[in-house]
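A short worksheet on the structure shown next.
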There are 4 protein chains.
Amino acid sequence: MSAPKKVVLAYSGGLDTSIILKWLQTEYGCEVVTFTADLGQGEELDPARKKAELLGIKPENIFIEDVREEFVRDFVFPMFRANAVYEGLYLLGTSIARPLISKRLVEIAEATGADAVAHGATGKGNDQVRFELAAYALNPDIKVIAPWREWDLSSRTRLLEFAEQHQIPVAKDKRGEAPFSVDANLLHTSSEGKVLEDPAIAAPDYVYQRTVHPEDAPNEPEFIEIGFEKGDAVSINGEAMSPATILTKLNEYGGKHGVGRLDLVEGRFVGMKSRGIYETPGGTILLEAHRGIESITMDRGAMHLKDELMPKYAELIYNGFWYSPEREMLQAAIDSSQEHVTGTVRVKLYKGSVNTVGRWSDHSLYSEEHVTFEDDAGAYDQKDAAGFIQLQALRLKLIAMRNKHVAEKK
Amino acid sequence: MSAPKKVVLAYSGGLDTSIILKWLQTEYGCEVVTFTADLGQGEELDPARKKAELLGIKPENIFIEDVREEFVRDFVFPMFRANAVYEGLYLLGTSIARPLISKRLVEIAEATGADAVAHGATGKGNDQVRFELAAYALNPDIKVIAPWREWDLSSRTRLLEFAEQHQIPVAKDKRGEAPFSVDANLLHTSSEGKVLEDPAIAAPDYVYQRTVHPEDAPNEPEFIEIGFEKGDAVSINGEAMSPATILTKLNEYGGKHGVGRLDLVEGRFVGMKSRGIYETPGGTILLEAHRGIESITMDRGAMHLKDELMPKYAELIYNGFWYSPEREMLQAAIDSSQEHVTGTVRVKLYKGSVNTVGRWSDHSLYSEEHVTFEDDAGAYDQKDAAGFIQLQALRLKLIAMRNKHVAEKK
Amino acid sequence: MSAPKKVVLAYSGGLDTSIILKWLQTEYGCEVVTFTADLGQGEELDPARKKAELLGIKPENIFIEDVREEFVRDFVFPMFRANAVYEGLYLLGTSIARPLISKRLVEIAEATGADAVAHGATGKGNDQVRFELAAYALNPDIKVIAPWREWDLSSRTRLLEFAEQHQIPVAKDKRGEAPFSVDANLLHTSSEGKVLEDPAIAAPDYVYQRTVHPEDAPNEPEFIEIGFEKGDAVSINGEAMSPATILTKLNEYGGKHGVGRLDLVEGRFVGMKSRGIYETPGGTILLEAHRGIESITMDRGAMHLKDELMPKYAELIYNGFWYSPEREMLQAAIDSSQEHVTGTVRVKLYKGSVNTVGRWSDHSLYSEEHVTFEDDAGAYDQKDAAGFIQLQALRLKLIAMRNKHVAEKK
Amino acid sequence: MSAPKKVVLAYSGGLDTSIILKWLQTEYGCEVVTFTADLGQGEELDPARKKAELLGIKPENIFIEDVREEFVRDFVFPMFRANAVYEGLYLLGTSIARPLISKRLVEIAEATGADAVAHGATGKGNDQVRFELAAYALNPDIKVIAPWREWDLSSRTRLLEFAEQHQIPVAKDKRGEAPFSVDANLLHTSSEGKVLEDPAIAAPDYVYQRTVHPEDAPNEPEFIEIGFEKGDAVSINGEAMSPATILTKLNEYGGKHGVGRLDLVEGRFVGMKSRGIYETPGGTILLEAHRGIESITMDRGAMHLKDELMPKYAELIYNGFWYSPEREMLQAAIDSSQEHVTGTVRVKLYKGSVNTVGRWSDHSLYSEEHVTFEDDAGAYDQKDAAGFIQLQALRLKLIAMRNKHVAEKK
C-alpha cells in the first residue's frame, strides 16, 4: 500500500482518536479530514469540532453530522424486521452502526478527494473488520488505516507520552485507565474489558450506564402500545413518531424499567471469545413487540423460514458483511415478509422484563371463528384432520414397516 | 378401518377421558385398557385407578406409571440441548410430552394384545397429530381412535347427558364449563380457549397457576448455580440430582420468582393460529443457563450451526415428528455438539426474569490470555487481522470493481 | 361443501377429462366451463373445442388459450433462476405448470361467475395438491372438485361404461389401457405407472417420447451459445428470442442429442415413493448454462446462500406452495442475486450430456489479474494469507488446547 | 514465530518440493523429515525415497506410506454419504485429501519430535488453508511453514537457479514451465492455471489425463451394478471389494467411458474466482449410484434435510474445516441417515454420462402396493387426500381472506 495523501478519520473527539489524528499527520504527513457522527451516543459534538480545530484540522475538513434518523431508518429497523439476535441473545447494537460510519467515511473521502479512511478500532476486535469490509465494499480502491494495528503505542504510558509530546490535551479523568471500555449509540451501550474479563464474576453495578437496576425500577408495571407498519415501529401510545424518536422514547421507557441488560460471552469473528455487558433498553422492547405483531399478522410458513434464516443474517451483520450480496438477498426475503406486519402491540414493562400482553391488527391472520372451542359453524371440519394425519403418517408407517421387515430378516 | 377389539386409552381419570372410555365400550363394544401417566402434572393418580375400576376396567388392564424421570431424561433434556423454541418463544412443553405417552400406549398395546390406542385430543389441535404420528411411527399397524373427531357429543350438554346416561360420576365443579382449557406436566402448564380467545385482551390473572405474579415475587433477587455435564443439568447449588428432581427444583425456584410466563399467538400445524398462556418456570431457567454454559464451552462454528438448525428441530417437535429420521438426524448433530458443554452457570432470579451473571468451566474456550486489553504476551498478533480482513474483503472488492465497471459502461 | 353451481374444468379434450365433464353435469347438475391451455404439450387444441361443444358446452364457456409465453416467463424462468432441482435431480417440469393452470381456472371462474373449479388429478399424486393449494390461495372461497377422489369409476371398465352410457366418443386406441401415464408441457414430459412401477427394471425404450436415445444421437457434438440477462436466457447463438421460443429451441437441441433423460424414484408429498421417467431436454441445457453464467458473475457468498436455500425452494414448488409467502420470500432473495447474471455460456451437446466449455460476461467477477500463476503485479499479496489463516485457525486452536487440557485432567 | 528446529515436509519427490526441502535446510538450518503418501496419484514412490536420500535426508526421517484405504474409507466415503458437491458441481477431490495429509504430518511430527510441518501450496490457493487449518486443529502448538508465502523464489528462473545452486537434479522435461498445474489422487485429477486461465476458452484436449474423450469412448454402453451398505459402496457386479479397490475400479470404468469431466469456475476461500478442469471418473459414478440407492431407501424427510445441509457441509470441506466441530455435527447427522442405505444400483455408462437405470434393496421404502395405478386393495384411501389438502390449504386461505379484507378497506 502506498502512503495515503488525505485521510478521513472517524473522529469522536476523545483522547484515543485525537492521538490517532495526530499520529496520521506525523506518521504519514497526510492531510486529515474528521468525521464525527451523532449516532445517539449521548455526547455533545461541539467539543469534537473545537478539538479538531485545535489539532489543526481545517474547518472545511471537519464533518459533524446528526445521522440518527438514517441510522434507525436504514440500519436498525431493517435489522429488527429480521428479529436478529446473535448467538441467541445479542441485539447487535455495535455491529449495526459500523456500516453507516464507513459509508459516510467513504462518501466524505469521495467528496474531499481523500484516498484513505482511518478508524480507531483495535486489531483484536470485530469492529476493525466491520469498518473495513464496509469501506472496501463501497470503494474497492480506498485505503484503510487502522493505527492500532500499526503503531507501537501499545501501552497507556506510551499513548500518554505521545499525547504530551504532541500537545494533545488530556482530561484529568482520562489520565488513569478506564476500568472498562464503552461503545454507545442510539441502540445500545456496550461495555467490555478490564474488570469484565473474568466471565465467572458478575459485572459490577457501576458498569451499567443506561438502565436502572431492576431492583431500583418502579414497583408498578407500565404498559405501552407500539404501532407498526410493514414491520417498522411508527407510533407509541397512538402518537406517530419518526424512527429515531421512537427508539429514543423506547430507550427512556426501557431504561426506567431496567429492561434490556445482557451479560454475554460471545464468539468474535477473529476467533476468540469475549465477554460483553450490553444495555439495549429500547431495542429489547422493540424486539418483543415486533415478535408480538408478527405473531398475529405473519403466516407460519413465512415465520418459520424467517426464523431459519435469521442466525445467518445476524452472523453476517456481526461479522461486518452488511454490504454483501448475501445480506441483501436475506434482506429482500425478510422485507418481502413484512408487507402485512401492521398493527399494535401492548407490552408490559416491569423490573427488567418486557412482555407482550395484547396485540391487534386489521391485517390479522388470527381467526377466532376457526380456533374457537365453541361451535364454529362449519368453519373447520374436524374430520379433515383424519386425512391430514393419515398422509402425514404414511411415510413414517412405510419406514416402520421397512424397519420391521429388515429386523425380521436378520 | 375395521372395528377395534381392544383399545389402550390415554386416561387421565377426568370427566372427558371417562366419557371416552365409556364411549369406546359402547360404540365399539371393545375391551378398554387404561394408561395413566404421572408426567408431573401435579395430580394424584390413585383416583384414576378407582375411577377406571368403577367404569368396569379389569385390574390387569389398568396401567398407572410414574414416567417423570424418563420424560425429563429422554425427552426434555435432549430437546433443551438444542435450545429449542418454537416461533421464537414457546418452550414446547406440551409437544414434548406427547411422544412419550404414545410410546407407552403402543408398548402397552403390544403387551396386552390390543389392536388400537385412543386419545382425548380434539380435531382442531396439534395434539391429535402428535399422538398419532408417534403411534404410527412406532407401530404402523396400530389403529388410532380419536373420539372427538368421530362422535356427535359436540356440546357440553351432550357430553353431560352421555355421562349421566352411562352413570359416569361428574364432580360438581365440572358441571359448568371451565373458563379455559389446561394441559400440565413437569415442564409446563398451558392454558387456552374461552376467556383467552381474544389475543388483544390480556390474560386474566387467575389463568396463571404455577408461577406467582412478578409483582408478588420476592423483593430480593435469588442466585442459584446450575451444574451441567455434556449439555444436561446435573446439579443445583452443587448438589447432584436426577433429571426429574432438577426440573422439579427449578420449577420451585422459577414459580416463586414469577419466571417463565408467556402469552403467545402461535401457528398450529393444522393451519390456524391460536393463543396460549404458557408457564414454564424451570424450563425458562434451564434454557437461560444452558445458553450460558454453551457460551463459554461451545465453539462459534458449532453454535451458529446449531442456531440455524434449531427452528427446524423445534418445528419437528411441535408438529409431532419426534419419531422421524430427520429429528433423529438433527439430534445426532446436536448431541455431537454437547461433548464439552460441562460447567456451572450462576443465574439471578428476580420478579419474572432470569439472567446469567457468571459461568465457569474446565472445558472453557474463553481465553483471557487472548482477549485481554492488557499485554497478551504474543498470544495474538494484531497484524494477522490485516491479512484476515484483506482476504475477507477480496470478493467484496471484486464485486465493487465489477459494479463500477458495469455502471461506467452504461 | 354445498353443491357447486358452475364449474370451471381443466379440460384437455382427452377421454378422462371428457368423462369428468359429463360426470360434473350429471352428478351435480351444474354448468361446466372448460379451460384448455396450450402449455407446449404438443397437442392440437382445436379438437378440444369441438369435443367440448359436442358435450354440450356453450361456446362462451369454452376457453382455449396459448399460455406458453406466460408459462416460461413467469414460472419456468423464475424457477430456473434458483437452479431448482427436487431431490437432487428432478427439474420440476410438472410441478411448475400447475399453479399457472389454477391461476387461470380461478380467473375464469371469477370472469364467468363460477363458484367451483375441477381438475382431473387422482387422489394419490402430487398434482391434486398443487392444483388445490394454488386455487385456495388465489380464492379462499372457491370450491374445488376432484372427481377421482369422489366417484366410483375406479376401474377402466367402469370408466368406459360411463363413457358409452353418456355417448362420449372413445378413440379406438384409447379402449385398451395405456401402458403408462404421461404429462407433458413445454418444459418436460413425464411418464409413470404401469410398466414403470418396478424401479429395479430399466424403463423400456418406447417410454421416451421427446429425446432420441443417446446411442442414436449424432456422432458429432454440437456447440451452442446461450445469452443471459439478469438470470434469464435471452438468446441462442446470438439471436434474441422470447422465453417460450428459447425453451422450444433448446428442446430441439436437447431432444436431438438425447439430453435430459431422468429415471427417478422420488418422495411424493402425499407420503409414498413413486418412480418417474422425465425428459427435460431444454431445461437440462438451461440449468447447466445458468450455472455456467452464474459461475463467473455471481459472488461466492450469494451463490452458497442460494445453494442452501434451493432445496427448500424446490420442495415448496414440488409440494404445491407456489402461491405461499415463503416461496415469495425465497424468490425475492433469489431474484436479488440475479442482477448481474448476464453474459454468454457455450455448451457442448453430445450423446446425452451437456457441458459448459466456455463463459464470458461484461459482469464477470473472474479476475485473471488476481488468480494468475504469473506475476500479478501486486494485485494479491500472498502474505495476507498467513494472517487470514491464523485468524481462521484461532478458534480451532482454542478447541484443541481445551480438549488437550481436558484429556490431561482425566 | 520462533525458528523451527525439525520440520516434517509433505514431499512428493518432484522438483518443487525438493527445492522446498533444500530451502528449509538452508533457510532455517533445521532437520527435515519427509512424508510421501500414496493417495493413488498414480506415481511411483520409490524415486521420492531416492531423491530424499540424495538431498541428505536420514533414512529414519523418510516416511513413505500407502494411505489409499484410509483415504477412501475415512475421508472419501464419509463425504460421499453427504452427496457433497461444491457450488453445484465440484466433487471436492483435492479438498478431501488435504486433511489426511495434515493428519499424518502432525502424527509424524509427534513421533519424530518435530516442532513444525511444511507444505508446498502457494499463497493464492485453498490448499494452504486446508493444510494449515487441519494441522492447527490437530496440534495447536505446531508451527506451519509455507515456503511459497515466505521466500523470494517467485519466478521459474529463480527456482531453477536455486535448484542448480544446490545441486538438485532437474529432469529435462521440467526445465520448461508446465502449461498448467496438476493435482491428483485416487478420487480425481485437477488441472488449472496457465493455458486454462481464460474461462471463455475451452480447455485443450491434452489437459485431460484420466478420462478418454467422450467421442473416443466405446460406442456401446456398459452397465454395472454397485452394491451399498449403510451408504458406502461395497461391491461391483456382486464382487465385494475394499474401499480403495472399489474406487480404483470405478475410475477404470469411468475413465474408459469418458465419465466425470468438469470445466468449472469456482469461488476460492481466499476470495478470488479460479477455473479448474476436474476429472473424477469413479466419484461421478459413485455420486449417481449413491443418489440412486438413497432414492429407494431414504425417507423424504431425511433426504430433504440432508439436501439442505449439504452445501454447508461441502463448503466446510472446501474451505479446510474438516476437523471442525460443525463438520463433525453435520457428519453425525448425515451418518445417522445412512443406516438403511443398503442395496444395489444399476448404472449405464455411455460416452461421458452415467445414469441410474435400476435399483433394488431389502431396505426399500418404495411400496408398489401404495403407488400402483391398479387396485391397491385399500392400502391407500384417496379420500384422506381431501383432508390433507384442506388443512395444508387452511393457512393459505386465511392469508387470502386477510389480503382481500385489507384490499377492500383501502
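Chain lettering (A, B, ...) mirrors the order of the C-alpha cells, residue numbering begins at 1 for each chain separately, and ligand numbering begins at 1 in order of display.
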| 8 Å contacts from chain B to chain C using only C-alpha atoms, as number ranges by chain | B: 299-300, 362-365, 367, 383-392, 395, 398-399, 402-403, 406
Write a file of the just-selected residues containing C-alpha atoms, as a JSON list (two decimals), in the first residue's frame.
[["chain", "number", "residue", "atom", "x", "y", "z"],
["B", 299, "ASP", "CA", -17.18, -23.03, 19.63],
["B", 300, "ARG", "CA", -18.73, -20.38, 17.42],
["B", 362, "ASP", "CA", -12.86, -26.72, 33.00],
["B", 363, "HIS", "CA", -13.95, -27.05, 29.40],
["B", 364, "SER", "CA", -13.96, -23.34, 28.74],
["B", 365, "LEU", "CA", -12.88, -21.97, 25.37],
["B", 367, "SER", "CA", -9.13, -17.35, 26.80],
["B", 383, "LYS", "CA", -1.09, -7.79, 12.39],
["B", 384, "ASP", "CA", -2.74, -11.07, 11.40],
["B", 385, "ALA", "CA", -6.01, -9.16, 11.34],
["B", 386, "ALA", "CA", -4.83, -7.10, 8.38],
["B", 387, "GLY", "CA", -4.38, -10.19, 6.20],
["B", 388, "PHE", "CA", -7.59, -11.69, 7.52],
["B", 389, "ILE", "CA", -9.54, -8.62, 6.53],
["B", 390, "GLN", "CA", -7.84, -8.25, 3.16],
["B", 391, "LEU", "CA", -8.86, -11.74, 2.11],
["B", 392, "GLN", "CA", -12.35, -11.43, 3.58],
["B", 395, "ARG", "CA", -14.57, -10.82, -3.02],
["B", 398, "LEU", "CA", -14.15, -7.64, -6.85],
["B", 399, "ILE", "CA", -17.91, -7.09, -6.72],
["B", 402, "ARG", "CA", -17.37, -5.12, -11.33],
["B", 403, "ASN", "CA", -20.33, -2.96, -10.43],
["B", 406, "VAL", "CA", -20.72, -2.10, -15.41]]
| query | Can you tell me, as a PyMOL selection string, what residues are no more than 9 Å from region 176-184 of chain D when counting only C-alpha atoms, ignoring any on the same chain fewer than 5 positions away? | reply | chain D and resi 39-42+93-94+156+189-196+207
Residue neighbourhood Ala333 (chain D), 12 Å, only C-alpha atoms, exclusion window fewer than 6 positions, as a PDB file with N, CA and C atoms, in the first residue's frame:
ATOM      1  N   LYS B 306     -25.810 -24.819  15.097  1.00  0.00           N
ATOM      2  CA  LYS B 306     -26.901 -25.246  15.990  1.00  0.00           C
ATOM      3  C   LYS B 306     -28.056 -24.245  15.955  1.00  0.00           C
ATOM      4  N   LEU B 309     -30.033 -24.709  12.832  1.00  0.00           N
ATOM      5  CA  LEU B 309     -30.827 -25.938  12.780  1.00  0.00           C
ATOM      6  C   LEU B 309     -32.015 -25.905  13.741  1.00  0.00           C
ATOM      7  N   PRO B 325     -36.944 -39.692  10.987  1.00  0.00           N
ATOM      8  CA  PRO B 325     -35.496 -39.742  10.739  1.00  0.00           C
ATOM      9  C   PRO B 325     -34.863 -38.361  10.749  1.00  0.00           C
ATOM     10  N   GLU B 326     -35.595 -37.343  10.329  1.00  0.00           N
ATOM     11  CA  GLU B 326     -34.979 -36.020  10.295  1.00  0.00           C
ATOM     12  C   GLU B 326     -34.787 -35.451  11.699  1.00  0.00           C
ATOM     13  N   ARG B 327     -35.698 -35.742  12.627  1.00  0.00           N
ATOM     14  CA  ARG B 327     -35.478 -35.295  14.012  1.00  0.00           C
ATOM     15  C   ARG B 327     -34.273 -36.041  14.578  1.00  0.00           C
ATOM     16  N   GLU B 328     -34.160 -37.302  14.249  1.00  0.00           N
ATOM     17  CA  GLU B 328     -33.023 -38.075  14.763  1.00  0.00           C
ATOM     18  C   GLU B 328     -31.704 -37.585  14.165  1.00  0.00           C
ATOM     19  N   MET B 329     -31.720 -37.199  12.906  1.00  0.00           N
ATOM     20  CA  MET B 329     -30.518 -36.622  12.301  1.00  0.00           C
ATOM     21  C   MET B 329     -30.105 -35.344  13.031  1.00  0.00           C
ATOM     22  N   LEU B 330     -31.077 -34.489  13.266  1.00  0.00           N
ATOM     23  CA  LEU B 330     -30.757 -33.238  13.955  1.00  0.00           C
ATOM     24  C   LEU B 330     -30.290 -33.505  15.379  1.00  0.00           C
ATOM     25  N   GLN B 331     -30.926 -34.479  16.031  1.00  0.00           N
ATOM     26  CA  GLN B 331     -30.496 -34.808  17.395  1.00  0.00           C
ATOM     27  C   GLN B 331     -29.055 -35.301  17.400  1.00  0.00           C
ATOM     28  N   ALA B 332     -28.695 -36.109  16.400  1.00  0.00           N
ATOM     29  CA  ALA B 332     -27.310 -36.598  16.325  1.00  0.00           C
ATOM     30  C   ALA B 332     -26.345 -35.431  16.206  1.00  0.00           C
ATOM     31  N   ALA B 333     -26.706 -34.451  15.385  1.00  0.00           N
ATOM     32  CA  ALA B 333     -25.847 -33.275  15.230  1.00  0.00           C
ATOM     33  C   ALA B 333     -25.762 -32.495  16.535  1.00  0.00           C
ATOM     34  N   ILE B 334     -26.910 -32.289  17.160  1.00  0.00           N
ATOM     35  CA  ILE B 334     -26.951 -31.511  18.400  1.00  0.00           C
ATOM     36  C   ILE B 334     -26.165 -32.228  19.500  1.00  0.00           C
ATOM     37  N   ASP B 335     -26.416 -33.505  19.660  1.00  0.00           N
ATOM     38  CA  ASP B 335     -25.725 -34.236  20.724  1.00  0.00           C
ATOM     39  C   ASP B 335     -24.213 -34.213  20.512  1.00  0.00           C
ATOM     40  N   SER B 336     -23.803 -34.295  19.252  1.00  0.00           N
ATOM     41  CA  SER B 336     -22.362 -34.260  18.966  1.00  0.00           C
ATOM     42  C   SER B 336     -21.753 -32.933  19.398  1.00  0.00           C
ATOM     43  N   SER B 337     -22.567 -31.906  19.489  1.00  0.00           N
ATOM     44  CA  SER B 337     -22.042 -30.590  19.871  1.00  0.00           C
ATOM     45  C   SER B 337     -21.924 -30.416  21.383  1.00  0.00           C
TER      46      SER B 337
ATOM     47  N   PRO D  78     -17.130 -41.035   3.769  1.00  0.00           N
ATOM     48  CA  PRO D  78     -17.997 -40.170   4.596  1.00  0.00           C
ATOM     49  C   PRO D  78     -18.516 -38.968   3.816  1.00  0.00           C
ATOM     50  N   ARG D  81     -21.287 -39.949   1.439  1.00  0.00           N
ATOM     51  CA  ARG D  81     -22.573 -40.178   2.129  1.00  0.00           C
ATOM     52  C   ARG D  81     -23.436 -38.922   2.084  1.00  0.00           C
ATOM     53  N   ALA D  82     -22.761 -37.779   2.021  1.00  0.00           N
ATOM     54  CA  ALA D  82     -23.481 -36.493   2.017  1.00  0.00           C
ATOM     55  C   ALA D  82     -23.875 -36.039   0.618  1.00  0.00           C
ATOM     56  N   ALA D 302     -35.752 -37.206   5.709  1.00  0.00           N
ATOM     57  CA  ALA D 302     -34.309 -37.268   5.899  1.00  0.00           C
ATOM     58  C   ALA D 302     -33.591 -36.702   4.678  1.00  0.00           C
ATOM     59  N   MET D 303     -34.065 -37.076   3.500  1.00  0.00           N
ATOM     60  CA  MET D 303     -33.370 -36.663   2.280  1.00  0.00           C
ATOM     61  C   MET D 303     -33.407 -35.146   2.088  1.00  0.00           C
ATOM     62  N   LEU D 305     -33.761 -32.840   4.357  1.00  0.00           N
ATOM     63  CA  LEU D 305     -32.879 -32.213   5.348  1.00  0.00           C
ATOM     64  C   LEU D 305     -31.426 -32.353   4.912  1.00  0.00           C
ATOM     65  N   LYS D 306     -31.070 -33.538   4.478  1.00  0.00           N
ATOM     66  CA  LYS D 306     -29.707 -33.777   4.002  1.00  0.00           C
ATOM     67  C   LYS D 306     -29.354 -32.844   2.845  1.00  0.00           C
ATOM     68  N   ASP D 307     -30.287 -32.692   1.927  1.00  0.00           N
ATOM     69  CA  ASP D 307     -30.036 -31.809   0.788  1.00  0.00           C
ATOM     70  C   ASP D 307     -29.836 -30.354   1.247  1.00  0.00           C
ATOM     71  N   GLU D 308     -30.554 -29.958   2.280  1.00  0.00           N
ATOM     72  CA  GLU D 308     -30.394 -28.592   2.777  1.00  0.00           C
ATOM     73  C   GLU D 308     -29.052 -28.403   3.491  1.00  0.00           C
ATOM     74  N   LEU D 309     -28.596 -29.446   4.152  1.00  0.00           N
ATOM     75  CA  LEU D 309     -27.329 -29.342   4.901  1.00  0.00           C
ATOM     76  C   LEU D 309     -26.121 -29.456   3.989  1.00  0.00           C
ATOM     77  N   MET D 310     -26.284 -30.095   2.845  1.00  0.00           N
ATOM     78  CA  MET D 310     -25.144 -30.436   2.001  1.00  0.00           C
ATOM     79  C   MET D 310     -24.281 -29.247   1.597  1.00  0.00           C
ATOM     80  N   TYR D 313     -21.997 -28.319   4.291  1.00  0.00           N
ATOM     81  CA  TYR D 313     -21.016 -29.390   4.508  1.00  0.00           C
ATOM     82  C   TYR D 313     -19.926 -29.330   3.447  1.00  0.00           C
ATOM     83  N   GLU D 326     -18.318 -28.170  13.625  1.00  0.00           N
ATOM     84  CA  GLU D 326     -19.518 -28.077  12.796  1.00  0.00           C
ATOM     85  C   GLU D 326     -19.509 -29.137  11.694  1.00  0.00           C
ATOM     86  N   ARG D 327     -18.336 -29.453  11.136  1.00  0.00           N
ATOM     87  CA  ARG D 327     -18.298 -30.546  10.157  1.00  0.00           C
ATOM     88  C   ARG D 327     -18.659 -31.855  10.857  1.00  0.00           C
ATOM     89  N   GLU D 339     -28.220 -45.439   7.880  1.00  0.00           N
ATOM     90  CA  GLU D 339     -28.457 -46.757   8.493  1.00  0.00           C
ATOM     91  C   GLU D 339     -29.053 -47.778   7.516  1.00  0.00           C
TER      92      GLU D 339
END
Can you pull out the residues contacting Tyr90 (chain C)? Cut-off 8 Å, using only C-alpha atoms, and skip same-chain residues under 4 positions away; I want them as a PDB file with all heavy atoms, in the first residue's frame.
ATOM      1  N   VAL C  85     -33.735 -28.026  -8.260  1.00  0.00           N
ATOM      2  CA  VAL C  85     -33.899 -29.463  -8.536  1.00  0.00           C
ATOM      3  C   VAL C  85     -34.454 -30.124  -7.276  1.00  0.00           C
ATOM      4  O   VAL C  85     -34.033 -29.827  -6.166  1.00  0.00           O
ATOM      5  CB  VAL C  85     -32.588 -30.178  -8.926  1.00  0.00           C
ATOM      6  CG1 VAL C  85     -32.179 -29.822 -10.346  1.00  0.00           C
ATOM      7  CG2 VAL C  85     -31.462 -29.849  -7.962  1.00  0.00           C
ATOM      8  N   TYR C  86     -35.394 -31.006  -7.470  1.00  0.00           N
ATOM      9  CA  TYR C  86     -36.016 -31.702  -6.343  1.00  0.00           C
ATOM     10  C   TYR C  86     -35.298 -33.024  -6.116  1.00  0.00           C
ATOM     11  O   TYR C  86     -35.066 -33.781  -7.057  1.00  0.00           O
ATOM     12  CB  TYR C  86     -37.488 -31.951  -6.659  1.00  0.00           C
ATOM     13  CG  TYR C  86     -38.257 -32.649  -5.565  1.00  0.00           C
ATOM     14  CD1 TYR C  86     -38.557 -31.980  -4.381  1.00  0.00           C
ATOM     15  CD2 TYR C  86     -38.683 -33.962  -5.703  1.00  0.00           C
ATOM     16  CE1 TYR C  86     -39.266 -32.611  -3.361  1.00  0.00           C
ATOM     17  CE2 TYR C  86     -39.401 -34.598  -4.694  1.00  0.00           C
ATOM     18  CZ  TYR C  86     -39.684 -33.915  -3.530  1.00  0.00           C
ATOM     19  OH  TYR C  86     -40.381 -34.544  -2.527  1.00  0.00           O
ATOM     20  N   LEU C 262     -34.199 -38.667 -17.365  1.00  0.00           N
ATOM     21  CA  LEU C 262     -34.016 -38.949 -15.945  1.00  0.00           C
ATOM     22  C   LEU C 262     -34.955 -40.066 -15.536  1.00  0.00           C
ATOM     23  O   LEU C 262     -36.152 -40.021 -15.808  1.00  0.00           O
ATOM     24  CB  LEU C 262     -34.321 -37.688 -15.118  1.00  0.00           C
ATOM     25  CG  LEU C 262     -34.321 -37.860 -13.600  1.00  0.00           C
ATOM     26  CD1 LEU C 262     -32.926 -38.225 -13.098  1.00  0.00           C
ATOM     27  CD2 LEU C 262     -34.806 -36.580 -12.930  1.00  0.00           C
ATOM     28  N   LEU C 264     -36.146 -41.661 -12.170  1.00  0.00           N
ATOM     29  CA  LEU C 264     -36.063 -41.254 -10.771  1.00  0.00           C
ATOM     30  C   LEU C 264     -37.116 -41.921  -9.893  1.00  0.00           C
ATOM     31  O   LEU C 264     -38.265 -42.071 -10.288  1.00  0.00           O
ATOM     32  CB  LEU C 264     -36.266 -39.728 -10.679  1.00  0.00           C
ATOM     33  CG  LEU C 264     -36.127 -39.097  -9.295  1.00  0.00           C
ATOM     34  CD1 LEU C 264     -34.667 -39.102  -8.855  1.00  0.00           C
ATOM     35  CD2 LEU C 264     -36.666 -37.685  -9.283  1.00  0.00           C
ATOM     36  N   TYR C 278     -38.493 -38.862 -16.670  1.00  0.00           N
ATOM     37  CA  TYR C 278     -38.640 -37.478 -17.087  1.00  0.00           C
ATOM     38  C   TYR C 278     -37.750 -37.183 -18.285  1.00  0.00           C
ATOM     39  O   TYR C 278     -36.611 -37.639 -18.337  1.00  0.00           O
ATOM     40  CB  TYR C 278     -38.264 -36.543 -15.938  1.00  0.00           C
ATOM     41  CG  TYR C 278     -39.140 -36.715 -14.724  1.00  0.00           C
ATOM     42  CD1 TYR C 278     -38.645 -37.280 -13.550  1.00  0.00           C
ATOM     43  CD2 TYR C 278     -40.464 -36.327 -14.753  1.00  0.00           C
ATOM     44  CE1 TYR C 278     -39.459 -37.452 -12.439  1.00  0.00           C
ATOM     45  CE2 TYR C 278     -41.288 -36.489 -13.639  1.00  0.00           C
ATOM     46  CZ  TYR C 278     -40.772 -37.056 -12.480  1.00  0.00           C
ATOM     47  OH  TYR C 278     -41.583 -37.223 -11.396  1.00  0.00           O
TER      48      TYR C 278
END
| request: Would you kindly return, as a ChimeraX atom specification, each protein, DNA or RNA residue with an atom no farther than 12 Å from any atom of Glu69 (chain B), considering only C-alpha atoms and excluding same-chain residues fewer than 6 positions away? | output: /B:37-40,75-77,100,186-187,241-248
| task | Please return as a list of chain:residue names: the residues of region 141-253 of chain C that backbone DSSP assigns to alpha helix (DSSP H). | result | C:Pro147, C:Trp148, C:Arg149, C:Glu150, C:Arg156, C:Thr157, C:Arg158, C:Leu159, C:Leu160, C:Glu161, C:Phe162, C:Ala163, C:Glu164, C:Gln165, C:Pro243, C:Ala244, C:Thr245, C:Ile246, C:Leu247, C:Thr248, C:Lys249, C:Leu250, C:Asn251, C:Glu252, C:Tyr253
Write the residues you've just listed into a file as a PDB file, in the first residue's frame, and include C-alpha atoms for each of them.
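Produced file result05.pdb, reproduced below:
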ATOM      1  CA  PRO C 147     -63.763 -36.300  -9.269  1.00  0.00           C
ATOM      2  CA  TRP C 148     -61.134 -39.000  -8.966  1.00  0.00           C
ATOM      3  CA  ARG C 149     -61.403 -38.748  -5.176  1.00  0.00           C
ATOM      4  CA  GLU C 150     -65.187 -38.764  -5.250  1.00  0.00           C
ATOM      5  CA  ARG C 156     -61.037 -48.808 -16.625  1.00  0.00           C
ATOM      6  CA  THR C 157     -64.143 -50.864 -17.315  1.00  0.00           C
ATOM      7  CA  ARG C 158     -66.342 -48.580 -15.251  1.00  0.00           C
ATOM      8  CA  LEU C 159     -64.945 -45.532 -16.981  1.00  0.00           C
ATOM      9  CA  LEU C 160     -65.624 -46.908 -20.426  1.00  0.00           C
ATOM     10  CA  GLU C 161     -69.109 -47.940 -19.412  1.00  0.00           C
ATOM     11  CA  PHE C 162     -69.765 -44.413 -18.198  1.00  0.00           C
ATOM     12  CA  ALA C 163     -68.432 -43.025 -21.485  1.00  0.00           C
ATOM     13  CA  GLU C 164     -70.605 -45.301 -23.522  1.00  0.00           C
ATOM     14  CA  GLN C 165     -73.634 -44.618 -21.384  1.00  0.00           C
ATOM     15  CA  PRO C 243     -38.835 -17.006 -23.421  1.00  0.00           C
ATOM     16  CA  ALA C 244     -41.068 -19.681 -24.953  1.00  0.00           C
ATOM     17  CA  THR C 245     -39.149 -19.588 -28.208  1.00  0.00           C
ATOM     18  CA  ILE C 246     -35.864 -20.117 -26.402  1.00  0.00           C
ATOM     19  CA  LEU C 247     -37.207 -23.072 -24.487  1.00  0.00           C
ATOM     20  CA  THR C 248     -38.688 -24.525 -27.656  1.00  0.00           C
ATOM     21  CA  LYS C 249     -35.365 -24.187 -29.420  1.00  0.00           C
ATOM     22  CA  LEU C 250     -33.432 -25.673 -26.531  1.00  0.00           C
ATOM     23  CA  ASN C 251     -35.860 -28.580 -26.541  1.00  0.00           C
ATOM     24  CA  GLU C 252     -34.993 -29.194 -30.173  1.00  0.00           C
ATOM     25  CA  TYR C 253     -31.270 -29.144 -29.461  1.00  0.00           C
TER      26      TYR C 253
END
